[in-house]
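For reference, coords_25.txt (compact mmCIF, C-alpha atoms and all ligand atoms):
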```
# COMPACT_ATOMS: atom_id res chain seq x y z
CA MET A 1 -159.66 54.31 85.87
CA VAL A 2 -163.23 53.12 85.33
CA LYS A 3 -165.40 53.96 82.37
CA ALA A 4 -168.95 52.73 81.97
CA GLU A 5 -170.97 53.39 78.85
CA GLY A 6 -174.53 52.14 78.77
CA VAL A 7 -173.78 49.29 81.15
CA ARG A 8 -176.68 46.89 81.51
CA LYS A 9 -177.14 43.97 83.82
CA SER A 10 -180.15 41.70 84.26
CA PHE A 11 -180.91 38.79 86.53
CA GLY A 12 -183.36 36.75 84.51
CA LEU A 13 -186.19 39.11 83.62
CA LEU A 14 -185.17 41.67 86.24
CA GLU A 15 -183.14 44.45 84.68
CA VAL A 16 -181.07 45.92 87.49
CA LEU A 17 -178.68 48.22 85.59
CA LYS A 18 -180.40 50.02 82.74
CA GLY A 19 -177.57 51.79 81.03
CA ILE A 20 -175.03 53.24 83.45
CA ASP A 21 -172.68 55.94 82.15
CA LEU A 22 -169.94 57.22 84.38
CA GLU A 23 -166.25 57.82 84.59
CA VAL A 24 -163.92 57.51 87.56
CA ARG A 25 -160.57 59.25 87.19
CA PRO A 26 -157.31 58.15 88.80
CA GLN A 27 -156.95 59.22 92.44
CA GLU A 28 -160.57 60.22 92.61
CA VAL A 29 -162.87 59.45 95.54
CA PHE A 30 -166.05 58.60 93.72
CA CYS A 31 -169.14 58.31 95.91
CA LEU A 32 -172.20 56.34 94.87
CA ILE A 33 -175.46 56.91 96.69
CA GLY A 34 -179.01 55.78 96.16
CA PRO A 35 -181.89 53.86 97.67
CA SER A 36 -181.71 50.18 98.51
CA GLY A 37 -182.21 48.04 95.41
CA SER A 38 -181.05 50.72 92.97
CA GLY A 39 -178.19 48.53 91.71
CA LYS A 40 -175.18 50.01 93.54
CA SER A 41 -173.75 46.70 94.75
CA THR A 42 -174.42 45.06 91.41
CA PHE A 43 -172.48 47.80 89.67
CA LEU A 44 -169.49 47.36 92.01
CA ARG A 45 -169.66 43.61 91.42
CA CYS A 46 -169.52 44.20 87.66
CA ILE A 47 -166.39 46.34 88.07
CA ASN A 48 -164.85 43.60 90.16
CA HIS A 49 -165.78 40.82 87.68
CA LEU A 50 -168.09 39.14 90.16
CA GLU A 51 -170.89 39.68 87.62
CA LYS A 52 -170.80 39.80 83.84
CA ILE A 53 -172.56 42.68 82.16
CA ASN A 54 -175.26 42.07 79.54
CA GLY A 55 -174.78 45.20 77.54
CA GLY A 56 -172.72 48.34 77.08
CA LEU A 57 -169.05 48.83 77.64
CA LEU A 58 -167.08 48.68 80.82
CA SER A 59 -163.39 49.31 81.10
CA VAL A 60 -161.25 49.23 84.21
CA ASP A 61 -157.72 50.63 84.28
CA GLY A 62 -157.80 51.22 80.55
CA GLU A 63 -158.78 47.67 79.66
CA LEU A 64 -162.10 46.43 78.44
CA VAL A 65 -163.20 44.00 81.12
CA GLY A 66 -166.68 43.08 80.09
CA TYR A 67 -168.22 43.95 76.81
CA ARG A 68 -171.38 42.73 75.27
CA ARG A 69 -173.42 44.49 72.67
CA LYS A 70 -176.28 43.21 70.60
CA GLY A 71 -175.20 42.17 67.15
CA ASP A 72 -171.51 42.50 67.99
CA LYS A 73 -169.06 39.82 68.79
CA ILE A 74 -169.31 38.99 72.46
CA TYR A 75 -166.14 39.78 74.33
CA GLU A 76 -165.58 38.22 77.70
CA LEU A 77 -162.47 37.67 79.72
CA LYS A 78 -161.34 34.13 80.37
CA ASP A 79 -161.44 32.95 83.98
CA ARG A 80 -157.67 33.13 84.30
CA GLU A 81 -157.63 36.71 83.01
CA VAL A 82 -160.40 37.62 85.42
CA ALA A 83 -158.41 36.19 88.31
CA LEU A 84 -155.41 38.31 87.33
CA LYS A 85 -157.45 41.49 86.99
CA ARG A 86 -159.22 40.96 90.28
CA ARG A 87 -155.88 41.14 92.10
CA ASP A 88 -155.67 44.82 91.24
CA ILE A 89 -159.02 45.65 92.79
CA GLY A 90 -159.59 45.69 96.53
CA MET A 91 -163.10 45.32 97.86
CA VAL A 92 -164.49 46.04 101.30
CA PHE A 93 -167.99 44.87 102.14
CA GLN A 94 -170.64 45.90 104.62
CA ARG A 95 -170.07 42.64 106.48
CA PHE A 96 -166.37 42.42 107.13
CA ASN A 97 -165.96 38.91 105.69
CA LEU A 98 -162.72 38.15 107.53
CA PHE A 99 -161.67 34.51 107.77
CA PRO A 100 -162.91 33.67 111.29
CA HIS A 101 -160.31 30.98 111.98
CA MET A 102 -157.37 33.27 111.17
CA THR A 103 -155.78 36.03 113.22
CA ALA A 104 -155.70 39.60 111.93
CA ILE A 105 -152.19 39.24 110.53
CA GLU A 106 -153.01 35.84 108.99
CA ASN A 107 -156.05 37.36 107.30
CA ILE A 108 -153.83 40.03 105.79
CA THR A 109 -150.96 37.80 104.64
CA GLU A 110 -153.08 34.95 103.22
CA ALA A 111 -153.64 36.34 99.72
CA PRO A 112 -150.19 37.88 99.16
CA VAL A 113 -148.60 34.53 100.04
CA GLN A 114 -151.12 32.15 98.44
CA VAL A 115 -152.09 34.19 95.37
CA LYS A 116 -149.04 36.32 94.66
CA GLY A 117 -146.41 33.96 95.99
CA GLU A 118 -144.82 36.51 98.31
CA SER A 119 -142.52 35.11 100.96
CA LYS A 120 -144.14 34.73 104.37
CA ALA A 121 -141.56 37.03 105.93
CA ASP A 122 -142.16 39.82 103.41
CA ALA A 123 -145.92 39.48 103.61
CA ARG A 124 -145.76 39.59 107.38
CA GLU A 125 -143.58 42.66 107.45
CA ARG A 126 -145.89 44.53 105.10
CA GLY A 127 -148.93 43.19 106.92
CA MET A 128 -147.65 44.59 110.21
CA ALA A 129 -147.04 47.95 108.57
CA LEU A 130 -150.60 47.90 107.25
CA LEU A 131 -151.99 47.04 110.67
CA GLU A 132 -150.02 49.96 112.06
CA ARG A 133 -151.46 52.21 109.39
CA VAL A 134 -155.04 51.29 110.34
CA GLY A 135 -154.18 51.75 114.01
CA LEU A 136 -154.21 48.08 115.00
CA ALA A 137 -150.55 47.17 115.42
CA ASP A 138 -151.34 45.65 118.83
CA LYS A 139 -154.12 43.39 117.47
CA SER A 140 -152.12 41.31 115.01
CA LYS A 141 -152.72 38.07 116.92
CA SER A 142 -156.41 38.69 117.62
CA TYR A 143 -159.10 36.65 115.93
CA PRO A 144 -162.04 38.48 114.31
CA SER A 145 -164.36 37.40 117.13
CA GLN A 146 -162.08 39.24 119.57
CA LEU A 147 -162.33 42.51 117.65
CA SER A 148 -165.04 45.16 117.49
CA GLY A 149 -166.87 45.72 114.22
CA GLY A 150 -164.83 48.85 113.55
CA GLN A 151 -161.59 47.00 114.19
CA GLN A 152 -162.67 44.12 111.96
CA GLN A 153 -163.47 46.52 109.18
CA ARG A 154 -160.08 48.17 109.53
CA VAL A 155 -158.42 44.74 109.27
CA ALA A 156 -160.56 44.11 106.16
CA ILE A 157 -159.24 47.33 104.63
CA ALA A 158 -155.66 46.38 105.50
CA ARG A 159 -156.26 42.96 103.96
CA ALA A 160 -157.45 44.53 100.72
CA LEU A 161 -154.46 46.92 100.68
CA ALA A 162 -152.04 44.03 101.12
CA MET A 163 -152.66 43.12 97.47
CA LYS A 164 -151.47 46.60 96.43
CA PRO A 165 -154.67 47.37 94.54
CA LYS A 166 -154.96 50.12 91.96
CA LEU A 167 -158.59 50.64 92.84
CA MET A 168 -160.54 50.17 96.06
CA LEU A 169 -164.26 49.47 96.10
CA PHE A 170 -166.18 50.07 99.32
CA ASP A 171 -169.74 48.76 99.56
CA GLU A 172 -171.40 50.49 102.52
CA PRO A 173 -168.36 49.85 104.70
CA THR A 174 -169.86 51.48 107.79
CA SER A 175 -173.50 50.45 107.49
CA ALA A 176 -173.19 47.45 109.80
CA LEU A 177 -171.30 49.36 112.50
CA ASP A 178 -172.51 50.84 115.74
CA PRO A 179 -172.56 54.62 115.32
CA GLU A 180 -169.61 55.23 117.65
CA LEU A 181 -167.41 52.96 115.48
CA VAL A 182 -168.16 54.61 112.14
CA GLY A 183 -165.63 57.41 112.57
CA GLU A 184 -162.56 55.19 112.98
CA VAL A 185 -163.31 53.45 109.67
CA LEU A 186 -164.04 56.69 107.84
CA ASP A 187 -160.74 58.10 109.19
CA VAL A 188 -158.83 55.22 107.62
CA MET A 189 -160.65 55.80 104.33
CA ARG A 190 -159.91 59.52 104.49
CA GLY A 191 -156.21 58.72 104.97
CA LEU A 192 -156.27 56.47 101.93
CA ALA A 193 -157.90 59.22 99.89
CA GLU A 194 -155.21 61.67 100.96
CA GLU A 195 -152.55 59.24 99.77
CA GLY A 196 -154.14 59.28 96.33
CA MET A 197 -155.91 55.93 96.25
CA THR A 198 -158.65 55.71 93.64
CA MET A 199 -161.81 54.74 95.51
CA ILE A 200 -165.42 54.05 94.66
CA VAL A 201 -167.46 54.33 97.81
CA VAL A 202 -171.08 53.30 98.17
CA THR A 203 -172.18 55.05 101.34
CA HIS A 204 -174.93 56.72 103.27
CA GLU A 205 -172.37 58.88 105.06
CA MET A 206 -173.12 62.19 103.41
CA GLY A 207 -170.60 64.02 105.59
CA PHE A 208 -167.85 61.80 104.20
CA ALA A 209 -169.10 62.28 100.64
CA ARG A 210 -169.16 66.04 101.10
CA GLU A 211 -165.75 66.35 102.74
CA VAL A 212 -163.73 63.65 101.00
CA GLY A 213 -165.58 62.94 97.76
CA ASP A 214 -164.41 64.35 94.44
CA ALA A 215 -167.48 63.18 92.57
CA LEU A 216 -170.88 61.93 93.55
CA VAL A 217 -173.47 59.95 91.64
CA PHE A 218 -177.05 59.43 92.72
CA MET A 219 -178.48 56.20 91.32
CA ASP A 220 -182.11 55.15 91.37
CA GLY A 221 -183.84 52.32 89.56
CA GLY A 222 -180.72 51.20 87.72
CA VAL A 223 -179.88 54.56 86.17
CA VAL A 224 -177.72 57.52 87.10
CA VAL A 225 -180.18 60.24 88.01
CA GLU A 226 -177.72 62.94 88.89
CA SER A 227 -173.99 63.42 89.23
CA GLY A 228 -171.52 66.15 89.98
CA ASN A 229 -169.41 67.69 92.68
CA PRO A 230 -170.62 66.26 96.02
CA ARG A 231 -171.01 69.69 97.57
CA ASP A 232 -173.22 70.84 94.68
CA VAL A 233 -175.35 67.72 94.47
CA LEU A 234 -175.90 67.53 98.22
CA THR A 235 -176.73 71.20 98.74
CA ASN A 236 -178.49 71.87 95.50
CA PRO A 237 -179.92 68.68 93.97
CA GLN A 238 -181.45 69.23 90.55
CA HIS A 239 -183.84 66.29 90.43
CA GLU A 240 -186.91 65.61 92.51
CA ARG A 241 -185.85 62.00 93.09
CA THR A 242 -182.48 63.15 94.45
CA ARG A 243 -184.19 65.66 96.73
CA ALA A 244 -186.62 63.03 98.02
CA PHE A 245 -183.77 60.61 98.76
CA LEU A 246 -181.59 63.21 100.45
CA SER A 247 -184.45 64.41 102.63
CA LYS A 248 -184.59 60.89 104.06
CA VAL A 249 -180.89 60.36 104.69
CA LEU A 250 -179.60 63.79 105.65
P1 LIG B 1 -178.27 48.13 96.08
O1 LIG B 1 -176.87 47.72 96.38
O2 LIG B 1 -178.37 49.48 95.45
O3 LIG B 1 -179.16 48.04 97.29
P2 LIG B 1 -178.34 45.70 94.53
O4 LIG B 1 -177.38 45.90 93.43
O5 LIG B 1 -177.90 44.89 95.68
O6 LIG B 1 -178.87 47.12 95.01
O7 LIG B 1 -179.66 45.02 93.98
C1 LIG B 1 -180.41 45.58 92.92
C2 LIG B 1 -181.51 44.61 92.54
O8 LIG B 1 -180.93 43.44 91.98
C3 LIG B 1 -182.37 44.14 93.70
O9 LIG B 1 -183.69 44.07 93.26
C4 LIG B 1 -181.81 42.77 94.00
O10 LIG B 1 -182.79 41.95 94.56
C5 LIG B 1 -181.40 42.29 92.63
N1 LIG B 1 -180.29 41.31 92.67
C6 LIG B 1 -179.04 41.54 93.10
N2 LIG B 1 -178.26 40.45 92.96
C7 LIG B 1 -179.05 39.49 92.43
C8 LIG B 1 -178.84 38.12 92.03
N3 LIG B 1 -177.65 37.54 92.17
N4 LIG B 1 -179.90 37.45 91.53
C9 LIG B 1 -181.10 38.04 91.38
N5 LIG B 1 -181.36 39.32 91.71
C10 LIG B 1 -180.36 40.04 92.24
MG MG B 2 -175.95 47.23 98.17
```

Could you quickly redo this structure as structure tokens?
Amino acid sequence: MVKAEGVRKSFGLLEVLKGIDLEVRPQEVFCLIGPSGSGKSTFLRCINHLEKINGGLLSVDGELVGYRRKGDKIYELKDREVALKRRDIGMVFQRFNLFPHMTAIENITEAPVQVKGESKADARERGMALLERVGLADKSKSYPSQLSGGQQQRVAIARALAMKPKLMLFDEPTSALDPELVGEVLDVMRGLAEEGMTMIVVTHEMGFAREVGDALVFMDGGVVVESGNPRDVLTNPQHERTRAFLSKVL
């Protein structure tokens, strides 16, 4: 579903991704961990076309999405192609990023109607089913300010799912939540995983990575330091840097 080979990304002189190699298979829950500043969010943003890579190869869903290699012809998607591709990728952020002036159901139906041209009635029917699925059928008319952080994040997940994505990206979806609200969001994500959604999850929730993850990558300083089965990496890390990081978060 996602294949990165030597992916590089710089901001000016700052090289943030220094050659990332990894592969995410269909239906996999792929967990990405690592210290702050290691390039996790930047990598997700490259997958989602929010950033253009400066080197290496990156393909999403079998298509080359950003490709740039020294000496080769530069291949970049046109803006219109990017817009089309982005529809297939759902993203959930640390901060819920709901539209504050729209109710929960309006947040969910906005993109299907405006971007995909779905009828309002169809979008609403599916939106209500999605709210039900994230346990918020009774909150359809609530505004984000009337919802808890955990509820807002569940609406944000439903909103992403409304576009019927092939791939879901989660960037520390529970990091901004009070501890007692983390579980309800992780439960929704676990349900999605069980239904076979392909997910890349940046998280500090090692319990989730261990129980739900199919693969885990530890990133530090813009490179993949270690990867493997989450159970193996978490219980028996091979690299000192992984051990040092885990000793702080576990
Ligand atoms: P992580 O998500 O692992 O904490 P990020 O990908 O957010 O790391 O950031 C990695 C590095 O890239 C940081 O040093 C950050 O300051 C830098 N960075 C991220 N986005 C930009 C940007 N748009 N412009 C300049 N520097 C950036
Ligand atoms: Mg980040």

Interatomic distance, atom CA of A:Gly150 to atom CA of A:Val188 (Å, one decimal):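 That distance, rounded to one decimal, is 10.6 Å.
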
Give one line per residue of chain A that approaches ligand MG 2 (chain B) to at most 8 Å, naming the two atoms of the closest pair and their distance in Å to one decimal, counting all atoms listed in the file; sort by chain then ascending residue number and deliver it as a tab-separated table.
```
residue	atom	partner	partner_atom	distance
A:Ser36	CA	B:MG2	MG	6.5
A:Gly37	CA	B:MG2	MG	6.9
A:Gly39	CA	B:MG2	MG	7.0
A:Lys40	CA	B:MG2	MG	5.5
A:Ser41	CA	B:MG2	MG	4.1
A:Thr42	CA	B:MG2	MG	7.3
A:Asp171	CA	B:MG2	MG	6.5
A:Glu172	CA	B:MG2	MG	7.1
A:Val202	CA	B:MG2	MG	7.8
```

Mind running stretch 162-234 of chain A against stretch 26-31 of chain A at 10 Å and telling me each contacting residue's nearest atom pair with the distance in Å (one decimal), counting all atoms listed in the file, chain and number ascending, as JSON lines?
```
{"residue": "A:Lys166", "atom": "CA", "partner": "A:Pro26", "partner_atom": "CA", "distance": 8.9}
{"residue": "A:Leu167", "atom": "CA", "partner": "A:Pro26", "partner_atom": "CA", "distance": 8.6}
{"residue": "A:Met168", "atom": "CA", "partner": "A:Val29", "partner_atom": "CA", "distance": 9.6}
{"residue": "A:Leu169", "atom": "CA", "partner": "A:Phe30", "partner_atom": "CA", "distance": 9.6}
{"residue": "A:Phe170", "atom": "CA", "partner": "A:Cys31", "partner_atom": "CA", "distance": 9.4}
{"residue": "A:Met189", "atom": "CA", "partner": "A:Val29", "partner_atom": "CA", "distance": 9.8}
{"residue": "A:Arg190", "atom": "CA", "partner": "A:Val29", "partner_atom": "CA", "distance": 9.4}
{"residue": "A:Leu192", "atom": "CA", "partner": "A:Val29", "partner_atom": "CA", "distance": 9.7}
{"residue": "A:Ala193", "atom": "CA", "partner": "A:Val29", "partner_atom": "CA", "distance": 6.6}
{"residue": "A:Glu194", "atom": "CA", "partner": "A:Gln27", "partner_atom": "CA", "distance": 9.0}
{"residue": "A:Glu195", "atom": "CA", "partner": "A:Gln27", "partner_atom": "CA", "distance": 8.5}
{"residue": "A:Gly196", "atom": "CA", "partner": "A:Gln27", "partner_atom": "CA", "distance": 4.8}
{"residue": "A:Met197", "atom": "CA", "partner": "A:Gln27", "partner_atom": "CA", "distance": 5.1}
{"residue": "A:Thr198", "atom": "CA", "partner": "A:Gln27", "partner_atom": "CA", "distance": 4.1}
{"residue": "A:Met199", "atom": "CA", "partner": "A:Val29", "partner_atom": "CA", "distance": 4.8}
{"residue": "A:Ile200", "atom": "CA", "partner": "A:Phe30", "partner_atom": "CA", "distance": 4.7}
{"residue": "A:Val201", "atom": "CA", "partner": "A:Cys31", "partner_atom": "CA", "distance": 4.7}
{"residue": "A:Val202", "atom": "CA", "partner": "A:Cys31", "partner_atom": "CA", "distance": 5.8}
{"residue": "A:Thr203", "atom": "CA", "partner": "A:Cys31", "partner_atom": "CA", "distance": 7.0}
{"residue": "A:His204", "atom": "CA", "partner": "A:Cys31", "partner_atom": "CA", "distance": 9.5}
{"residue": "A:Glu205", "atom": "CA", "partner": "A:Cys31", "partner_atom": "CA", "distance": 9.7}
{"residue": "A:Met206", "atom": "CA", "partner": "A:Cys31", "partner_atom": "CA", "distance": 9.3}
{"residue": "A:Phe208", "atom": "CA", "partner": "A:Cys31", "partner_atom": "CA", "distance": 9.1}
{"residue": "A:Ala209", "atom": "CA", "partner": "A:Cys31", "partner_atom": "CA", "distance": 6.2}
{"residue": "A:Arg210", "atom": "CA", "partner": "A:Cys31", "partner_atom": "CA", "distance": 9.3}
{"residue": "A:Val212", "atom": "CA", "partner": "A:Val29", "partner_atom": "CA", "distance": 6.9}
{"residue": "A:Gly213", "atom": "CA", "partner": "A:Val29", "partner_atom": "CA", "distance": 4.9}
{"residue": "A:Asp214", "atom": "CA", "partner": "A:Val29", "partner_atom": "CA", "distance": 5.3}
{"residue": "A:Ala215", "atom": "CA", "partner": "A:Phe30", "partner_atom": "CA", "distance": 4.9}
{"residue": "A:Leu216", "atom": "CA", "partner": "A:Cys31", "partner_atom": "CA", "distance": 4.7}
{"residue": "A:Val217", "atom": "CA", "partner": "A:Cys31", "partner_atom": "CA", "distance": 6.3}
{"residue": "A:Phe218", "atom": "CA", "partner": "A:Cys31", "partner_atom": "CA", "distance": 8.6}
{"residue": "A:Ser227", "atom": "CA", "partner": "A:Cys31", "partner_atom": "CA", "distance": 9.7}
{"residue": "A:Asn229", "atom": "CA", "partner": "A:Phe30", "partner_atom": "CA", "distance": 9.7}
{"residue": "A:Pro230", "atom": "CA", "partner": "A:Cys31", "partner_atom": "CA", "distance": 8.1}
```

Take every atom of ligand LIG 1 (chain B) listed in the file, fit an axis-aligned box around them, add 4 Å per side, and give the centre and edge lengths in Å to one decimal as lines of an AutoDock Vina configuration file.
```
center_x = -180.3
center_y = 43.5
center_z = 94.3
size_x = 14.8
size_y = 20.0
size_z = 13.9
```

Applying 9 Å and all atoms listed in the file, which residues near stretch 152-164 of chain A remain after dropping the ones on its own chain fewer than 5 positions away? List them as number ranges by chain. A: 87-98, 104-105, 107-112, 116, 123, 126-127, 130-131, 133-136, 144-145, 147, 173-174, 177, 184-185, 188-189

Could you check the closest approach to ligand LIG 1 (chain B) for each of A:Ala176, A:Val16, A:Val182, A:Val82 and tell me which residue wins, using all atoms listed in the file?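 Smallest distance to ligand LIG 1 (chain B) is found for A:Val16.
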
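Put simply, atom C5 of ligand LIG 1 (chain B) is 10.8 Å away from atom CA of A:Gly221.
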
I'd like the neighbourhood of A:Val113 as a PyMOL selection string, where a residue qualifies if any of its atoms comes within 10 Å (using only C-alpha atoms), though same-chain residues fewer than 6 positions away should be ignored. chain A and resi 119-124+163

Please determine, counting all atoms listed in the file, which residue among A:Glu63, A:Asp220, A:Glu118, A:Asp79 has the shortest atom-to-atom distance to ligand LIG 1 (chain B).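 Nearest to ligand LIG 1 (chain B): A:Asp220.
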
When distances are computed from all atoms listed in the file, which of A:Arg25, A:Lys18, A:Arg8, A:Lys3 shows the smallest separation from A:Ser59? A:Lys3

For A:Lys78, which residue among A:His49, A:Lys9, A:Arg241, A:Lys248 is the nearest when counting all atoms listed in the file?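 So, comparing all the options, the nearest one is A:His49.
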
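One distance worth recording is that between atom CA of A:Pro165 and atom CA of A:Met128, which is 17.4 Å.
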
At a cut-off of 12 Å, using only C-alpha atoms, what residues contact A:Glu240? Leave out same-chain residues fewer than 6 positions from it and give the result as a list in words. Phe218, Asp220, Val225, Glu226, Val233, Leu246 and Ser247 of chain A

Pull C-alpha atoms from the residues just selected and write them as an mmCIF file, keeping the file's coordinate frame.
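Okay, this is what ended up in out-v3.cif:
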```cif
data_model
loop_
_atom_site.group_PDB
_atom_site.id
_atom_site.type_symbol
_atom_site.label_atom_id
_atom_site.label_comp_id
_atom_site.auth_asym_id
_atom_site.auth_seq_id
_atom_site.Cartn_x
_atom_site.Cartn_y
_atom_site.Cartn_z
ATOM 1 C CA PHE A 218 -177.050 59.430 92.720
ATOM 2 C CA ASP A 220 -182.110 55.150 91.370
ATOM 3 C CA VAL A 225 -180.180 60.240 88.010
ATOM 4 C CA GLU A 226 -177.720 62.940 88.890
ATOM 5 C CA VAL A 233 -175.350 67.720 94.470
ATOM 6 C CA LEU A 246 -181.590 63.210 100.450
ATOM 7 C CA SER A 247 -184.450 64.410 102.630
#
```

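Take the candidates A:Phe11, A:Phe43, A:Tyr143, A:Phe245 and check each one against A:Thr103 using only C-alpha atoms; the shortest distance goes to A:Tyr143.
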
From the list A:Val60, A:Leu17, A:Leu181, A:Val7, the nearest residue to ligand LIG 1 (chain B) using all atoms listed in the file is A:Leu17

Any chance you could model N, CA, C and O atoms for stretch 134-150 of chain A and send them as a PDB file, in the coordinates of the input?
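Everything below was put into part-v6.pdb:
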```
ATOM      1  N   VAL A 134    -153.623  51.202 109.979  1.00  0.00           N
ATOM      2  CA  VAL A 134    -155.040  51.290 110.340  1.00  0.00           C
ATOM      3  C   VAL A 134    -155.226  51.324 111.858  1.00  0.00           C
ATOM      4  O   VAL A 134    -156.329  51.165 112.370  1.00  0.00           O
ATOM      5  N   GLY A 135    -154.109  51.540 112.562  1.00  0.00           N
ATOM      6  CA  GLY A 135    -154.180  51.750 114.010  1.00  0.00           C
ATOM      7  C   GLY A 135    -154.390  50.492 114.828  1.00  0.00           C
ATOM      8  O   GLY A 135    -154.944  50.540 115.928  1.00  0.00           O
ATOM      9  N   LEU A 136    -153.948  49.336 114.293  1.00  0.00           N
ATOM     10  CA  LEU A 136    -154.210  48.080 115.000  1.00  0.00           C
ATOM     11  C   LEU A 136    -152.942  47.232 115.164  1.00  0.00           C
ATOM     12  O   LEU A 136    -153.014  45.999 115.200  1.00  0.00           O
ATOM     13  N   ALA A 137    -151.809  47.901 115.319  1.00  0.00           N
ATOM     14  CA  ALA A 137    -150.550  47.170 115.420  1.00  0.00           C
ATOM     15  C   ALA A 137    -150.579  46.183 116.589  1.00  0.00           C
ATOM     16  O   ALA A 137    -149.970  45.111 116.525  1.00  0.00           O
ATOM     17  N   ASP A 138    -151.322  46.504 117.643  1.00  0.00           N
ATOM     18  CA  ASP A 138    -151.340  45.650 118.830  1.00  0.00           C
ATOM     19  C   ASP A 138    -152.362  44.507 118.726  1.00  0.00           C
ATOM     20  O   ASP A 138    -152.517  43.724 119.646  1.00  0.00           O
ATOM     21  N   LYS A 139    -153.068  44.411 117.597  1.00  0.00           N
ATOM     22  CA  LYS A 139    -154.120  43.390 117.470  1.00  0.00           C
ATOM     23  C   LYS A 139    -153.764  42.297 116.459  1.00  0.00           C
ATOM     24  O   LYS A 139    -154.632  41.535 116.027  1.00  0.00           O
ATOM     25  N   SER A 140    -152.497  42.219 116.101  1.00  0.00           N
ATOM     26  CA  SER A 140    -152.120  41.310 115.010  1.00  0.00           C
ATOM     27  C   SER A 140    -152.498  39.865 115.310  1.00  0.00           C
ATOM     28  O   SER A 140    -152.823  39.105 114.407  1.00  0.00           O
ATOM     29  N   LYS A 141    -152.456  39.479 116.584  1.00  0.00           N
ATOM     30  CA  LYS A 141    -152.720  38.070 116.920  1.00  0.00           C
ATOM     31  C   LYS A 141    -154.161  37.822 117.341  1.00  0.00           C
ATOM     32  O   LYS A 141    -154.515  36.721 117.758  1.00  0.00           O
ATOM     33  N   SER A 142    -155.003  38.863 117.232  1.00  0.00           N
ATOM     34  CA  SER A 142    -156.410  38.690 117.620  1.00  0.00           C
ATOM     35  C   SER A 142    -157.199  38.032 116.499  1.00  0.00           C
ATOM     36  O   SER A 142    -156.939  38.267 115.318  1.00  0.00           O
ATOM     37  N   TYR A 143    -158.176  37.240 116.899  1.00  0.00           N
ATOM     38  CA  TYR A 143    -159.100  36.650 115.930  1.00  0.00           C
ATOM     39  C   TYR A 143    -160.269  37.627 115.722  1.00  0.00           C
ATOM     40  O   TYR A 143    -160.564  38.443 116.607  1.00  0.00           O
ATOM     41  N   PRO A 144    -160.929  37.548 114.570  1.00  0.00           N
ATOM     42  CA  PRO A 144    -162.040  38.480 114.310  1.00  0.00           C
ATOM     43  C   PRO A 144    -163.049  38.547 115.449  1.00  0.00           C
ATOM     44  O   PRO A 144    -163.525  39.644 115.794  1.00  0.00           O
ATOM     45  N   SER A 145    -163.365  37.399 116.060  1.00  0.00           N
ATOM     46  CA  SER A 145    -164.360  37.400 117.130  1.00  0.00           C
ATOM     47  C   SER A 145    -163.903  38.197 118.351  1.00  0.00           C
ATOM     48  O   SER A 145    -164.713  38.542 119.211  1.00  0.00           O
ATOM     49  N   GLN A 146    -162.601  38.476 118.428  1.00  0.00           N
ATOM     50  CA  GLN A 146    -162.080  39.240 119.570  1.00  0.00           C
ATOM     51  C   GLN A 146    -161.970  40.727 119.261  1.00  0.00           C
ATOM     52  O   GLN A 146    -161.479  41.499 120.078  1.00  0.00           O
ATOM     53  N   LEU A 147    -162.432  41.109 118.076  1.00  0.00           N
ATOM     54  CA  LEU A 147    -162.330  42.510 117.650  1.00  0.00           C
ATOM     55  C   LEU A 147    -163.708  43.137 117.511  1.00  0.00           C
ATOM     56  O   LEU A 147    -164.688  42.449 117.194  1.00  0.00           O
ATOM     57  N   SER A 148    -163.776  44.441 117.717  1.00  0.00           N
ATOM     58  CA  SER A 148    -165.040  45.160 117.490  1.00  0.00           C
ATOM     59  C   SER A 148    -165.313  45.223 115.987  1.00  0.00           C
ATOM     60  O   SER A 148    -164.419  44.968 115.170  1.00  0.00           O
ATOM     61  N   GLY A 149    -166.524  45.592 115.642  1.00  0.00           N
ATOM     62  CA  GLY A 149    -166.870  45.720 114.220  1.00  0.00           C
ATOM     63  C   GLY A 149    -165.974  46.719 113.504  1.00  0.00           C
ATOM     64  O   GLY A 149    -165.521  46.477 112.382  1.00  0.00           O
ATOM     65  N   GLY A 150    -165.688  47.832 114.167  1.00  0.00           N
ATOM     66  CA  GLY A 150    -164.830  48.850 113.550  1.00  0.00           C
ATOM     67  C   GLY A 150    -163.415  48.343 113.335  1.00  0.00           C
ATOM     68  O   GLY A 150    -162.783  48.614 112.313  1.00  0.00           O
TER      69      GLY A 150
END
```
